[in-house]
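Shown next: final_36.txt, containing compact mmCIF, C-alpha atoms.
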# COMPACT_ATOMS: atom_id res chain seq x y z
CA MET O 1 23.60 6.08 67.65
CA SER O 2 25.71 9.14 68.39
CA ASN O 3 25.27 10.42 64.82
CA GLU O 4 21.50 9.94 64.61
CA ARG O 5 20.60 12.59 67.18
CA PRO O 6 22.36 15.50 65.48
CA LEU O 7 20.78 14.50 62.10
CA GLN O 8 17.37 14.35 63.75
CA GLU O 9 17.82 17.70 65.41
CA LEU O 10 18.99 19.19 62.09
CA SER O 11 15.91 17.93 60.26
CA GLU O 12 13.63 19.21 63.04
CA ASN O 13 15.27 22.60 62.94
CA LEU O 14 14.85 22.81 59.14
CA GLU O 15 11.23 21.76 59.33
CA GLY O 16 10.54 24.24 62.13
CA SER O 17 12.22 27.06 60.33
CA LEU O 18 10.13 26.41 57.18
CA CYS O 19 6.85 26.09 59.09
CA ARG O 20 7.26 28.96 61.66
CA PRO O 21 7.29 32.55 60.49
CA GLN O 22 10.66 34.09 61.17
CA ARG O 23 10.80 37.01 63.52
CA SER O 24 13.34 39.59 62.68
CA LYS O 25 13.81 43.13 63.81
CA TRP O 26 13.25 45.53 61.06
CA LYS O 27 15.36 48.61 61.26
CA ARG O 28 13.79 51.87 60.33
CA ARG O 29 15.84 53.45 57.74
CA PRO O 30 15.71 57.11 57.02
CA SER O 31 13.43 58.09 54.18
CA CYS O 32 15.01 58.85 50.90
CA SER O 33 15.18 62.24 49.40
CA GLY O 34 12.16 61.49 47.26
CA GLY O 35 9.94 61.16 50.34
CA LEU O 36 9.18 57.40 49.95
CA ASP O 37 8.68 55.46 53.19
CA THR O 38 10.78 52.27 53.42
CA GLU O 39 9.87 51.47 56.98
CA ASN O 40 7.97 48.25 56.09
CA THR O 41 10.56 46.81 53.69
CA PRO O 42 11.89 43.47 55.14
CA ASN O 43 15.42 43.86 53.87
CA GLU O 44 16.91 41.21 56.13
CA LEU O 45 14.28 38.65 55.10
CA ILE O 46 14.85 39.43 51.44
CA GLN O 47 18.57 38.99 51.82
CA GLN O 48 18.09 35.75 53.77
CA TRP O 49 15.87 34.14 51.12
CA SER O 50 17.55 35.59 48.05
CA PRO O 51 19.96 33.36 46.10
CA PRO O 52 23.59 33.94 46.98
CA HIS O 53 25.52 36.32 44.80
CA LYS O 54 28.11 34.85 42.54
CA LYS O 55 31.52 35.35 43.95
CA ILE O 56 34.19 36.77 41.80
CA LEU O 57 36.95 34.22 41.59
CA THR O 58 40.42 35.54 41.84
CA SER O 59 43.66 33.78 41.50
CA ALA O 60 46.73 34.69 43.48
CA LYS O 61 48.74 31.60 42.98
CA GLY O 62 52.11 31.87 41.42
CA LYS O 63 54.80 34.41 41.97
CA GLU O 64 53.87 36.37 38.88
CA ASN O 65 50.32 36.90 40.22
CA GLU O 66 51.17 37.92 43.77
CA GLU O 67 50.90 41.63 43.05
CA ASN O 68 48.36 41.68 40.22
CA ALA O 69 45.42 39.36 40.94
CA PHE O 70 43.27 38.66 37.90
CA VAL O 71 39.56 37.95 37.76
CA LEU O 72 37.99 34.80 36.23
CA ALA O 73 34.75 35.65 34.48
CA ARG O 74 32.51 33.81 32.03
CA ARG O 75 31.62 35.57 28.84
CA PRO O 76 27.92 35.66 28.01
CA ARG O 77 26.99 33.30 25.18
CA LYS O 78 25.98 34.92 21.97
CA ARG O 79 22.66 33.77 20.62
CA ARG O 80 23.12 32.07 17.32
CA GLU O 81 20.68 33.41 14.81
CA SER O 82 21.03 30.35 12.54
CA SER O 83 20.49 27.75 15.28
CA ALA O 84 16.72 27.84 14.84
CA GLY O 85 17.07 26.82 11.18
CA LEU O 86 18.81 23.59 12.11
CA CYS O 87 15.99 22.36 14.36
CA TRP O 88 13.79 19.61 12.92
CA ASP O 89 10.76 20.98 14.75
CA SER O 90 11.03 24.27 12.88
CA LEU O 91 10.82 22.62 9.44
CA PRO O 92 7.43 22.91 7.71
CA ASP O 93 5.37 19.79 7.06
CA GLU O 94 5.86 20.08 3.30
CA LEU O 95 9.65 19.91 3.64
CA LEU O 96 9.52 17.01 6.09
CA LEU O 97 7.19 15.11 3.75
CA GLY O 98 9.67 15.64 0.95
CA ILE O 99 12.43 14.14 3.11
CA LEU O 100 10.26 11.23 4.25
CA SER O 101 9.33 10.44 0.65
CA CYS O 102 12.95 9.39 0.05
CA LEU O 103 12.91 6.75 2.80
CA SER O 104 12.35 3.02 2.40
CA LEU O 105 9.38 1.25 3.97
CA GLN O 106 11.38 0.07 7.00
CA ASP O 107 12.95 3.49 7.62
CA LEU O 108 9.60 5.22 7.25
CA LEU O 109 8.11 2.97 9.93
CA ARG O 110 11.05 3.71 12.22
CA THR O 111 10.63 7.46 11.89
CA SER O 112 6.93 7.12 12.76
CA ARG O 113 8.02 6.19 16.31
CA VAL O 114 10.03 9.37 16.92
CA CYS O 115 7.19 11.63 18.06
CA LYS O 116 3.50 12.31 17.50
CA ARG O 117 4.12 14.84 14.76
CA TRP O 118 6.40 12.52 12.83
CA HIS O 119 3.93 9.69 13.29
CA CYS O 120 1.21 11.75 11.63
CA LEU O 121 3.54 12.80 8.82
CA ALA O 122 4.88 9.27 8.28
CA PHE O 123 1.36 8.03 7.59
CA ASP O 124 0.39 10.86 5.29
CA GLU O 125 -1.46 9.45 2.29
CA SER O 126 1.02 11.05 -0.12
CA LEU O 127 3.73 8.65 1.11
CA TRP O 128 1.63 5.48 0.85
CA HIS O 129 0.28 5.71 -2.68
CA SER O 130 1.96 2.44 -3.75
CA VAL O 131 3.03 -0.45 -1.51
CA ASP O 132 4.51 -3.87 -2.34
CA LEU O 133 4.25 -6.36 0.54
CA VAL O 134 5.38 -9.46 -1.35
CA GLY O 135 7.41 -11.61 1.03
CA LYS O 136 5.42 -10.66 4.12
CA ALA O 137 4.06 -14.07 5.11
CA GLN O 138 1.37 -12.84 7.54
CA LEU O 139 -0.71 -9.68 7.31
CA ASP O 140 -3.11 -8.74 10.07
CA ALA O 141 -3.57 -5.20 11.36
CA GLU O 142 -0.81 -4.04 8.99
CA LEU O 143 -3.04 -4.54 5.96
CA GLY O 144 -5.78 -2.39 7.41
CA GLN O 145 -3.26 0.27 8.39
CA VAL O 146 -1.70 0.40 4.91
CA LEU O 147 -5.08 0.58 3.17
CA SER O 148 -6.36 3.19 5.63
CA ALA O 149 -3.21 5.27 5.06
CA GLY O 150 -4.49 5.96 1.54
CA ALA O 151 -2.67 3.37 -0.59
CA LEU O 152 -3.66 3.59 -4.24
CA ARG O 153 -1.68 0.53 -5.31
CA LEU O 154 -1.21 -2.57 -3.15
CA ARG O 155 0.52 -5.79 -4.12
CA CYS O 156 0.44 -8.72 -1.69
CA PRO O 157 -0.19 -12.04 -3.51
CA HIS O 158 0.46 -15.41 -1.85
CA THR O 159 0.02 -13.89 1.61
CA CYS O 160 -1.84 -15.18 4.65
CA ILE O 161 -4.30 -12.46 5.65
CA GLY O 162 -5.77 -12.37 9.15
CA GLN O 163 -7.97 -9.56 10.50
CA PRO O 164 -7.12 -6.16 8.97
CA SER O 165 -9.06 -4.40 11.79
CA PHE O 166 -10.09 -1.14 10.14
CA LYS O 167 -10.49 1.68 12.66
CA SER O 168 -13.09 3.62 10.70
CA ALA O 169 -15.90 2.99 8.25
CA LEU O 170 -14.46 5.32 5.61
CA LYS O 171 -14.14 4.07 2.05
CA LEU O 172 -10.68 3.13 0.83
CA ARG O 173 -8.77 4.98 -1.90
CA VAL O 174 -7.19 1.85 -3.38
CA GLN O 175 -7.41 1.62 -7.19
CA HIS O 176 -5.06 -1.26 -8.04
CA LEU O 177 -5.21 -4.33 -5.81
CA ASP O 178 -3.51 -7.72 -6.20
CA LEU O 179 -4.68 -10.41 -3.75
CA SER O 180 -3.93 -13.36 -6.01
CA ASN O 181 -3.76 -16.75 -4.30
CA CYS O 182 -3.91 -15.32 -0.79
CA THR O 183 -5.04 -17.37 2.18
CA VAL O 184 -7.95 -15.35 3.47
CA GLU O 185 -11.40 -15.94 4.95
CA THR O 186 -14.30 -15.00 2.70
CA SER O 187 -15.74 -12.76 5.43
CA VAL O 188 -12.48 -10.80 5.62
CA LEU O 189 -12.44 -10.41 1.85
CA GLU O 190 -16.03 -9.17 1.98
CA ASP O 191 -15.04 -6.56 4.56
CA ILE O 192 -12.12 -5.29 2.44
CA LEU O 193 -13.95 -5.11 -0.88
CA SER O 194 -17.09 -3.58 0.63
CA ARG O 195 -14.94 -0.51 1.39
CA CYS O 196 -13.72 -0.15 -2.21
CA ARG O 197 -15.41 2.13 -4.71
CA HIS O 198 -12.55 3.23 -6.99
CA LEU O 199 -11.00 -0.04 -8.16
CA GLN O 200 -9.55 0.00 -11.66
CA ASN O 201 -7.40 -3.13 -11.63
CA LEU O 202 -8.24 -6.12 -9.42
CA SER O 203 -6.87 -9.65 -9.18
CA LEU O 204 -8.59 -12.23 -6.94
CA GLU O 205 -7.13 -15.26 -8.67
CA GLY O 206 -7.68 -18.56 -6.88
CA LEU O 207 -9.91 -17.19 -4.09
CA VAL O 208 -13.27 -18.37 -2.77
CA LEU O 209 -15.70 -15.50 -3.29
CA SER O 210 -19.37 -14.90 -2.53
CA ASP O 211 -22.36 -13.11 -3.98
CA SER O 212 -21.70 -10.29 -1.52
CA ILE O 213 -18.21 -9.81 -2.94
CA ILE O 214 -19.52 -9.80 -6.52
CA HIS O 215 -22.12 -7.19 -5.51
CA SER O 216 -19.32 -5.07 -4.03
CA LEU O 217 -17.38 -5.34 -7.29
CA ALA O 218 -20.46 -4.08 -9.13
CA GLN O 219 -20.12 -0.83 -7.16
CA ASN O 220 -16.71 -0.25 -8.75
CA THR O 221 -17.87 0.91 -12.13
CA GLU O 222 -14.38 2.09 -13.14
CA ILE O 223 -12.83 -1.40 -13.28
CA VAL O 224 -10.66 -1.83 -16.37
CA ARG O 225 -8.90 -5.14 -15.63
CA LEU O 226 -10.51 -7.97 -13.66
CA ASN O 227 -8.81 -11.28 -12.93
CA LEU O 228 -11.13 -13.94 -11.45
CA CYS O 229 -9.16 -16.94 -12.70
CA GLY O 230 -9.87 -20.07 -10.64
CA CYS O 231 -12.49 -18.38 -8.41
CA SER O 232 -15.63 -19.97 -7.03
CA GLY O 233 -18.51 -19.43 -4.63
CA PHE O 234 -20.86 -17.04 -6.48
CA SER O 235 -24.00 -17.43 -8.55
CA PRO O 236 -24.63 -16.78 -12.27
CA GLU O 237 -27.14 -14.06 -11.34
CA SER O 238 -24.66 -11.99 -9.34
CA LEU O 239 -22.08 -12.44 -12.11
CA ALA O 240 -24.55 -11.13 -14.70
CA GLU O 241 -25.41 -8.10 -12.55
CA MET O 242 -21.75 -7.27 -12.06
CA LEU O 243 -21.06 -7.41 -15.81
CA LYS O 244 -24.02 -5.10 -16.47
CA SER O 245 -22.68 -2.52 -13.99
CA CYS O 246 -18.99 -2.62 -14.93
CA THR O 247 -19.24 -1.35 -18.48
CA ARG O 248 -15.62 -0.17 -18.76
CA ILE O 249 -13.89 -3.53 -18.44
CA GLU O 250 -11.25 -3.99 -21.12
CA GLU O 251 -9.48 -7.12 -19.86
CA MET O 252 -11.20 -9.99 -18.07
CA ASN O 253 -9.90 -13.39 -17.05
CA VAL O 254 -12.59 -15.86 -15.96
CA SER O 255 -10.71 -19.04 -16.87
CA TRP O 256 -10.91 -22.27 -14.90
CA CYS O 257 -13.52 -21.01 -12.46
CA ASP O 258 -15.96 -23.38 -10.78
CA PHE O 259 -18.59 -22.53 -13.37
CA SER O 260 -21.60 -24.33 -14.72
CA ASN O 261 -23.01 -23.75 -18.19
CA LEU O 262 -25.26 -21.09 -16.61
CA HIS O 263 -22.21 -19.10 -15.50
CA VAL O 264 -20.76 -19.28 -19.02
CA GLN O 265 -24.06 -18.16 -20.50
CA ALA O 266 -24.19 -15.25 -18.04
CA ILE O 267 -20.80 -14.12 -19.35
CA ALA O 268 -21.64 -14.59 -23.02
CA ASN O 269 -24.95 -12.73 -22.75
CA ASN O 270 -23.86 -9.85 -20.49
CA ILE O 271 -20.20 -9.21 -21.27
CA PRO O 272 -19.64 -5.49 -21.94
CA SER O 273 -18.73 -4.41 -25.45
CA SER O 274 -15.64 -2.62 -24.13
CA ILE O 275 -13.81 -5.95 -23.74
CA SER O 276 -10.64 -6.25 -25.82
CA HIS O 277 -8.85 -9.07 -23.92
CA LEU O 278 -10.84 -12.13 -22.80
CA ASN O 279 -9.73 -15.43 -21.31
CA ILE O 280 -12.65 -17.83 -21.04
CA SER O 281 -10.69 -21.07 -21.20
CA GLY O 282 -11.06 -24.29 -19.23
CA TYR O 283 -14.79 -24.99 -19.59
CA ARG O 284 -14.64 -28.16 -21.63
CA GLN O 285 -18.32 -29.17 -22.00
CA ASN O 286 -19.77 -25.86 -20.74
CA LEU O 287 -18.60 -23.50 -23.48
CA THR O 288 -20.67 -24.09 -26.60
CA MET O 289 -20.53 -22.69 -30.10
CA GLU O 290 -23.58 -20.55 -29.28
CA ASP O 291 -21.64 -18.95 -26.45
CA VAL O 292 -18.74 -18.20 -28.80
CA LYS O 293 -21.11 -16.56 -31.28
CA ALA O 294 -22.67 -14.46 -28.51
CA VAL O 295 -19.24 -13.25 -27.33
CA VAL O 296 -18.14 -12.31 -30.84
CA LYS O 297 -21.40 -10.45 -31.46
CA ARG O 298 -21.23 -8.46 -28.21
CA CYS O 299 -17.49 -7.71 -28.35
CA PRO O 300 -16.45 -6.97 -31.92
CA ASN O 301 -13.22 -5.21 -30.82
CA ILE O 302 -11.55 -8.21 -29.17
CA THR O 303 -7.81 -8.36 -29.89
CA ASN O 304 -6.83 -11.19 -27.52
CA LEU O 305 -9.06 -14.27 -27.07
CA ASP O 306 -8.35 -17.51 -25.22
CA LEU O 307 -10.77 -20.43 -25.76
CA SER O 308 -8.39 -23.20 -24.72
CA ASP O 309 -9.57 -26.47 -23.13
CA SER O 310 -13.05 -26.24 -24.60
CA VAL O 311 -13.79 -29.48 -26.38
CA LEU O 312 -17.03 -28.22 -27.95
CA VAL O 313 -15.17 -25.59 -30.00
CA THR O 314 -14.73 -26.97 -33.52
CA THR O 315 -13.51 -25.78 -36.89
CA ASP O 316 -16.96 -24.30 -37.37
CA SER O 317 -15.82 -21.51 -35.06
CA PHE O 318 -13.25 -20.28 -37.60
CA PRO O 319 -15.70 -18.26 -39.76
CA VAL O 320 -17.19 -16.80 -36.58
CA LEU O 321 -13.80 -15.79 -35.21
CA GLN O 322 -12.85 -14.33 -38.57
CA GLN O 323 -15.47 -11.62 -37.95
CA LEU O 324 -13.14 -10.18 -35.31
CA SER O 325 -11.17 -7.90 -37.59
CA SER O 326 -8.96 -6.66 -34.71
CA LEU O 327 -8.02 -10.15 -33.47
CA ARG O 328 -4.26 -10.36 -32.91
CA HIS O 329 -3.80 -13.20 -30.42
CA LEU O 330 -5.83 -16.43 -30.35
CA ALA O 331 -5.48 -19.53 -28.17
CA VAL O 332 -7.32 -22.78 -28.90
CA SER O 333 -4.96 -25.15 -27.11
CA ARG O 334 -6.39 -28.60 -26.30
CA CYS O 335 -9.60 -27.93 -28.21
CA TYR O 336 -9.49 -31.48 -29.44
CA GLN O 337 -12.42 -31.18 -31.86
CA ILE O 338 -10.19 -29.01 -34.08
CA HIS O 339 -8.35 -31.22 -36.55
CA PRO O 340 -4.63 -30.41 -36.95
CA ALA O 341 -4.94 -30.25 -40.73
CA SER O 342 -7.54 -27.49 -40.45
CA LEU O 343 -5.09 -25.16 -38.70
CA ILE O 344 -3.78 -24.06 -42.06
CA ASP O 345 -7.07 -22.19 -42.51
CA PHE O 346 -5.74 -19.50 -40.14
CA GLU O 347 -3.93 -18.07 -43.16
CA LYS O 348 -7.21 -16.26 -43.80
CA PHE O 349 -6.75 -14.31 -40.53
CA LEU O 350 -4.64 -11.56 -42.03
CA ASN O 351 -4.19 -9.56 -38.80
CA LEU O 352 -3.50 -12.54 -36.53
CA GLN O 353 -0.02 -12.37 -34.99
CA THR O 354 0.18 -15.24 -32.48
CA LEU O 355 -1.59 -18.61 -32.32
CA GLU O 356 -1.47 -21.04 -29.41
CA VAL O 357 -2.35 -24.64 -30.34
CA PHE O 358 -0.64 -26.63 -27.59
CA GLY O 359 -1.80 -30.24 -27.55
CA LEU O 360 -3.26 -30.18 -31.04
CA ILE O 361 -0.16 -30.95 -33.10
CA GLN O 362 2.99 -32.92 -32.55
CA ASP O 363 6.31 -31.17 -32.28
CA SER O 364 7.45 -32.75 -35.54
CA TYR O 365 4.55 -31.13 -37.42
CA LEU O 366 5.12 -27.66 -35.90
CA PRO O 367 7.83 -26.57 -38.42
CA ILE O 368 5.52 -27.48 -41.30
CA LEU O 369 2.69 -25.40 -39.78
CA CYS O 370 5.01 -22.46 -39.18
CA LYS O 371 6.09 -22.60 -42.83
CA GLY O 372 2.46 -22.59 -43.96
CA LEU O 373 1.64 -19.63 -41.68
CA PRO O 374 4.72 -17.38 -42.02
CA HIS O 375 3.00 -14.26 -40.69
CA ILE O 376 1.91 -15.97 -37.44
CA GLN O 377 4.03 -16.93 -34.39
CA ILE O 378 2.88 -20.31 -33.11
CA ASN O 379 3.07 -21.67 -29.54
CA THR O 380 5.11 -18.83 -28.08
CA GLN O 381 3.09 -18.24 -24.91
CA PRO O 382 1.98 -21.27 -22.85
CA PHE O 383 0.42 -19.11 -20.09
CA SER O 384 -2.14 -16.40 -20.57
CA THR O 385 -1.35 -12.87 -19.42
CA VAL O 386 -4.90 -11.51 -19.78
CA ALA O 387 -5.75 -9.23 -16.82
CA ARG O 388 -2.97 -10.73 -14.70
CA PRO O 389 -1.02 -8.17 -12.62
CA THR O 390 2.39 -9.71 -13.29
CA SER O 391 3.37 -11.86 -16.23
CA ALA O 392 4.79 -15.27 -15.39
CA SER O 393 7.68 -14.62 -17.76
CA ARG O 394 8.70 -11.40 -16.01
CA LYS O 395 10.76 -11.34 -12.85
CA ASP O 396 10.15 -7.72 -11.91
CA ARG O 397 7.76 -6.53 -9.21
CA THR O 398 5.41 -4.49 -11.36
CA LEU O 399 1.69 -4.24 -10.85
CA TRP O 400 -0.03 -4.10 -14.25
CA GLY O 401 3.10 -2.36 -15.51
CA MET O 402 3.29 0.04 -12.56
CA HIS O 403 6.03 0.08 -9.93
CA CYS O 404 5.44 0.44 -6.19
CA ARG O 405 7.47 2.99 -4.23
CA LEU O 406 7.38 1.29 -0.82
CA VAL O 407 8.69 -2.27 -1.05
CA TYR O 408 8.87 -4.77 1.81
CA LYS O 409 12.34 -6.33 2.12
CA HIS O 410 12.77 -9.32 4.38
Rendering of file as C-alpha cells:
Amino acid sequence: MSNERPLQELSENLEGSLCRPQRSKWKRRPSCSGGLDTENTPNELIQQWSPPHKKILTSAKGKENEENAFVLARRPRKRRESSAGLCWDSLPDELLLGILSCLSLQDLLRTSRVCKRWHCLAFDESLWHSVDLVGKAQLDAELGQVLSAGALRLRCPHTCIGQPSFKSALKLRVQHLDLSNCTVETSVLEDILSRCRHLQNLSLEGLVLSDSIIHSLAQNTEIVRLNLCGCSGFSPESLAEMLKSCTRIEEMNVSWCDFSNLHVQAIANNIPSSISHLNISGYRQNLTMEDVKAVVKRCPNITNLDLSDSVLVTTDSFPVLQQLSSLRHLAVSRCYQIHPASLIDFEKFLNLQTLEVFGLIQDSYLPILCKGLPHIQINTQPFSTVARPTSASRKDRTLWGMHCRLVYKH
C-alpha cells in the first residue's frame, strides 16, 4: 500500500499538468536591432515542450583519451538512388505480368494472396488463356472463377462439378471446352453453356443434356468440332435447329446417343455440308440405307466416316460410299449384314487408307484380306477419334492438339 499512493499522486499530477494551462512568467527581452517586438514569445514554454536536444557523447575512458576526448557522431545515411528500382511496387504492370506468366498454377494462386494489386494482376485474362484441371476431383466456385478470368481453353473431364457461382452475367470467352464424362447437374450445365458464344471445340461426351442446352449451342455458330457421344435428353427438333445454325462444323461425333430414328433422320437431313469427319455409329435398327444416302448427298467431302454397329447397313451401301471421292477412313465394324467375302470389293476405293471391320471376319481370315487389299490398313483403330479432345491412344494432356499453360498438379 505504501507504493500505491506515490503512483496515484504522480498520475494525478501528470493529468493536472496536461489539463491546466501552465502559468509561467515571461521575461521581456530587449528588442532586437531590427525593431521586432519579442515580448509575447513564450520561450520557456517552447523549451519545456520541445523535444530534448541530442547530447553529444564523449568518451574519456582509457588513459590514452584522458587529455583528448573524442566525439561519437552518426553519419547521415546517403540516399540510394537505385533502391527505388528494386521495389516490387515500382514495377509496371506489364513487367509483373511477364513475371507471373512464368509461374505454375499453384504459385500463381499463392501470389494472388499477397496484396490487392497482385490479386488483380494474378487474375488477368492474359494469364488464364489455357487451364488444365484434370485430377481436381471437385470443382465448385473454382470453375466459375477460372471461366470468368477469361480462359480460352479449359480441360476438366471426369470431374464432379458443383455450383460454379458466376459473379456477373457477362458472356464467357471460352473457345475450347472439354467436359467429357463429368458429374454435373443439367441445370448447372445450362447455366455454363448459356454464357458461351465463341465455342469452337466442345466435348460433352456422356452427359445428360436438354433442349435448352442444344439451343445454347446453336448460338455458337463458330463450332468446328462437336462431340456429343453418348448424350441424351434432347429432342430431334432442337437437334435439327442446332445443325442448321452451326454451318461450320467439320467434325461431329453423335455415336451411341439415346436416339430414335427421328433423331437420326434429323442428322441425315440437316447435317451441314462442311462436315469432313462424322461418327454416327451405334444405331443398329435406326440408321437406314436412306439415311446413309442422305448423308453422302449432303456431305460430299467426308474423309472419315464411322457407320459401325448399324445392322441395316448392307453391301448395297458400297456404291453409295464410293461416291465419296475424298474418303480416307471408313469403319463398318459389327455391321453384320455385310458378308465377309464382299469386303474384297473395297479394292475399288482407290483413296481409302484405313478400314475397320471388327467383328465381321475371324482373325485367321484377316491376313488373307490384307493381302487382297494391300493399299489399305485393316483393323488398326478400335476406337474412334472423331471430334474427341484427346485420343485414347495418346497419353499426353493435349486438348484437340493444343497444350494448356496452367496445369493442376495434385
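For the set O:Thr111, O:Thr183, O:Thr315, O:Thr354, the residue with the smallest atom-to-atom gap to Ile338 in chain O is O:Thr315, counting all atoms listed in the file.
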Q: Quick one: everything within 12 Å of Lys293 in chain O, counting all atoms listed in the file, minus sequence neighbours fewer than 3 positions away in the same chain. Send it as a PyMOL selection string.
A: chain O and resi 265+268-269+287-290+296-300+313+316-324
Could the residues in this selection be saved with C-alpha atoms as a PDB file, in the frame of the given file?
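Result file follows (result.pdb):
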ATOM      1  CA  GLN O 265     -24.060 -18.160 -20.500  1.00  0.00           C
ATOM      2  CA  ALA O 268     -21.640 -14.590 -23.020  1.00  0.00           C
ATOM      3  CA  ASN O 269     -24.950 -12.730 -22.750  1.00  0.00           C
ATOM      4  CA  LEU O 287     -18.600 -23.500 -23.480  1.00  0.00           C
ATOM      5  CA  THR O 288     -20.670 -24.090 -26.600  1.00  0.00           C
ATOM      6  CA  MET O 289     -20.530 -22.690 -30.100  1.00  0.00           C
ATOM      7  CA  GLU O 290     -23.580 -20.550 -29.280  1.00  0.00           C
ATOM      8  CA  VAL O 296     -18.140 -12.310 -30.840  1.00  0.00           C
ATOM      9  CA  LYS O 297     -21.400 -10.450 -31.460  1.00  0.00           C
ATOM     10  CA  ARG O 298     -21.230  -8.460 -28.210  1.00  0.00           C
ATOM     11  CA  CYS O 299     -17.490  -7.710 -28.350  1.00  0.00           C
ATOM     12  CA  PRO O 300     -16.450  -6.970 -31.920  1.00  0.00           C
ATOM     13  CA  VAL O 313     -15.170 -25.590 -30.000  1.00  0.00           C
ATOM     14  CA  ASP O 316     -16.960 -24.300 -37.370  1.00  0.00           C
ATOM     15  CA  SER O 317     -15.820 -21.510 -35.060  1.00  0.00           C
ATOM     16  CA  PHE O 318     -13.250 -20.280 -37.600  1.00  0.00           C
ATOM     17  CA  PRO O 319     -15.700 -18.260 -39.760  1.00  0.00           C
ATOM     18  CA  VAL O 320     -17.190 -16.800 -36.580  1.00  0.00           C
ATOM     19  CA  LEU O 321     -13.800 -15.790 -35.210  1.00  0.00           C
ATOM     20  CA  GLN O 322     -12.850 -14.330 -38.570  1.00  0.00           C
ATOM     21  CA  GLN O 323     -15.470 -11.620 -37.950  1.00  0.00           C
ATOM     22  CA  LEU O 324     -13.140 -10.180 -35.310  1.00  0.00           C
TER      23      LEU O 324
END
**Q.** Within 6 Å of Leu243 in chain O using all atoms listed in the file, minus same-chain residues under 2 positions, as a list in words
**A.**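 Near Leu243 in chain O, the qualifying residues are Ala240, Glu241, Ser245, Cys246, Asn270 and Ile271 of chain O.
Residues surrounding range 371-381 of chain O within 7 Å are Ile344, Glu347, Leu352, Gln353, Thr354, Leu355, Glu356, Val357, Phe358, Pro367, Ile368, Leu369 and Phe383 of chain O [all atoms listed in the file; sequence separation below 2 positions excluded].
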Those residues with C-alpha atoms, as a PDB file, in the frame of the given file please?
ATOM      1  CA  ILE O 344      -3.780 -24.060 -42.060  1.00  0.00           C
ATOM      2  CA  GLU O 347      -3.930 -18.070 -43.160  1.00  0.00           C
ATOM      3  CA  LEU O 352      -3.500 -12.540 -36.530  1.00  0.00           C
ATOM      4  CA  GLN O 353      -0.020 -12.370 -34.990  1.00  0.00           C
ATOM      5  CA  THR O 354       0.180 -15.240 -32.480  1.00  0.00           C
ATOM      6  CA  LEU O 355      -1.590 -18.610 -32.320  1.00  0.00           C
ATOM      7  CA  GLU O 356      -1.470 -21.040 -29.410  1.00  0.00           C
ATOM      8  CA  VAL O 357      -2.350 -24.640 -30.340  1.00  0.00           C
ATOM      9  CA  PHE O 358      -0.640 -26.630 -27.590  1.00  0.00           C
ATOM     10  CA  PRO O 367       7.830 -26.570 -38.420  1.00  0.00           C
ATOM     11  CA  ILE O 368       5.520 -27.480 -41.300  1.00  0.00           C
ATOM     12  CA  LEU O 369       2.690 -25.400 -39.780  1.00  0.00           C
ATOM     13  CA  PHE O 383       0.420 -19.110 -20.090  1.00  0.00           C
TER      14      PHE O 383
END
Q. Which value, in Å to one decimal, gives the distance between CA of Asn351 in chain O and CA of His329 in chain O?
A.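 Going from CA of Asn351 in chain O over to CA of His329 in chain O, I get 9.1 Å.
Here the question is which of O:Val224, O:Leu154, O:Ala122, O:Leu172 gets nearest to Asp93 in chain O using all atoms listed in the file, and that residue is O:Ala122.
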Q: Within 12 Å of Arg110 in chain O, counting all atoms listed in the file, which residues show up once you throw out same-chain ones fewer than 5 positions away? Write them as a list in words, please.
A: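 With the cut-off at 12 Å, the set is Leu100, Leu103, Ser104, Leu105, Cys115, Trp118, His119, Ala122 and Phe123 of chain O.
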Take the residues from that selection and put them in a file with C-alpha atoms, as a PDB file, in the frame of the given file.
ATOM      1  CA  LEU O 100      10.260  11.230   4.250  1.00  0.00           C
ATOM      2  CA  LEU O 103      12.910   6.750   2.800  1.00  0.00           C
ATOM      3  CA  SER O 104      12.350   3.020   2.400  1.00  0.00           C
ATOM      4  CA  LEU O 105       9.380   1.250   3.970  1.00  0.00           C
ATOM      5  CA  CYS O 115       7.190  11.630  18.060  1.00  0.00           C
ATOM      6  CA  TRP O 118       6.400  12.520  12.830  1.00  0.00           C
ATOM      7  CA  HIS O 119       3.930   9.690  13.290  1.00  0.00           C
ATOM      8  CA  ALA O 122       4.880   9.270   8.280  1.00  0.00           C
ATOM      9  CA  PHE O 123       1.360   8.030   7.590  1.00  0.00           C
TER      10      PHE O 123
END
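Interatomic distance, CA of Ser333 in chain O against CA of Leu305 in chain O: 11.6 Å.
Residue nearest Val131 in chain O within the list O:Tyr408, O:Trp400, O:Phe259, O:Tyr336: O:Tyr408 [criterion: smallest interatomic distance, all atoms listed in the file].
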Q.
I'd like the contact shell of Cys120 in chain O - 12 Å cut-off, all atoms listed in the file, skipping same-chain residues fewer than 3 positions apart - returned as number ranges by chain.
A. O: 93, 96-97, 100, 108-109, 111-117, 123-127, 149
Can you build me a table of range 282-331 of chain O residues sitting at most 12 Å from range 251-257 of chain O, with the closest atom pair per residue and its distance in Å to one decimal, using all atoms listed in the file, sorted by chain and residue number, as a tab-separated table?
residue	atom	partner	partner_atom	distance
O:Gly282	CA	O:Trp256	CA	4.8
O:Tyr283	CA	O:Trp256	CA	6.7
O:Arg284	CA	O:Trp256	CA	9.7
O:Asn286	CA	O:Trp256	CA	11.2
O:Leu287	CA	O:Ser255	CA	11.2
O:Cys299	CA	O:Glu251	CA	11.7
O:Asn301	CA	O:Glu251	CA	11.7
O:Ile302	CA	O:Glu251	CA	9.6
O:Thr303	CA	O:Glu251	CA	10.2
O:Asn304	CA	O:Glu251	CA	9.1
O:Leu305	CA	O:Asn253	CA	10.1
O:Asp306	CA	O:Ser255	CA	8.8
O:Leu307	CA	O:Ser255	CA	9.0
O:Ser308	CA	O:Ser255	CA	9.2
O:Asp309	CA	O:Trp256	CA	9.3
O:Ser310	CA	O:Trp256	CA	10.7
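The coordinates place CA of Leu133 in chain O at 8.3 Å from CA of Pro157 in chain O.
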Q. Given the choices O:Arg334, O:Arg153, O:Lys167, O:His263, which gets closest to Gly401 in chain O if the distance is worked out from all atoms listed in the file?
A.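 That would be O:Arg153, the residue with the smallest distance to Gly401 in chain O.
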Q. Which is closest to Asn201 in chain O among O:Ile223, O:Ala137, O:Ile267, O:Leu228, if we use all atoms listed in the file?
A.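 Closest candidate: O:Ile223.
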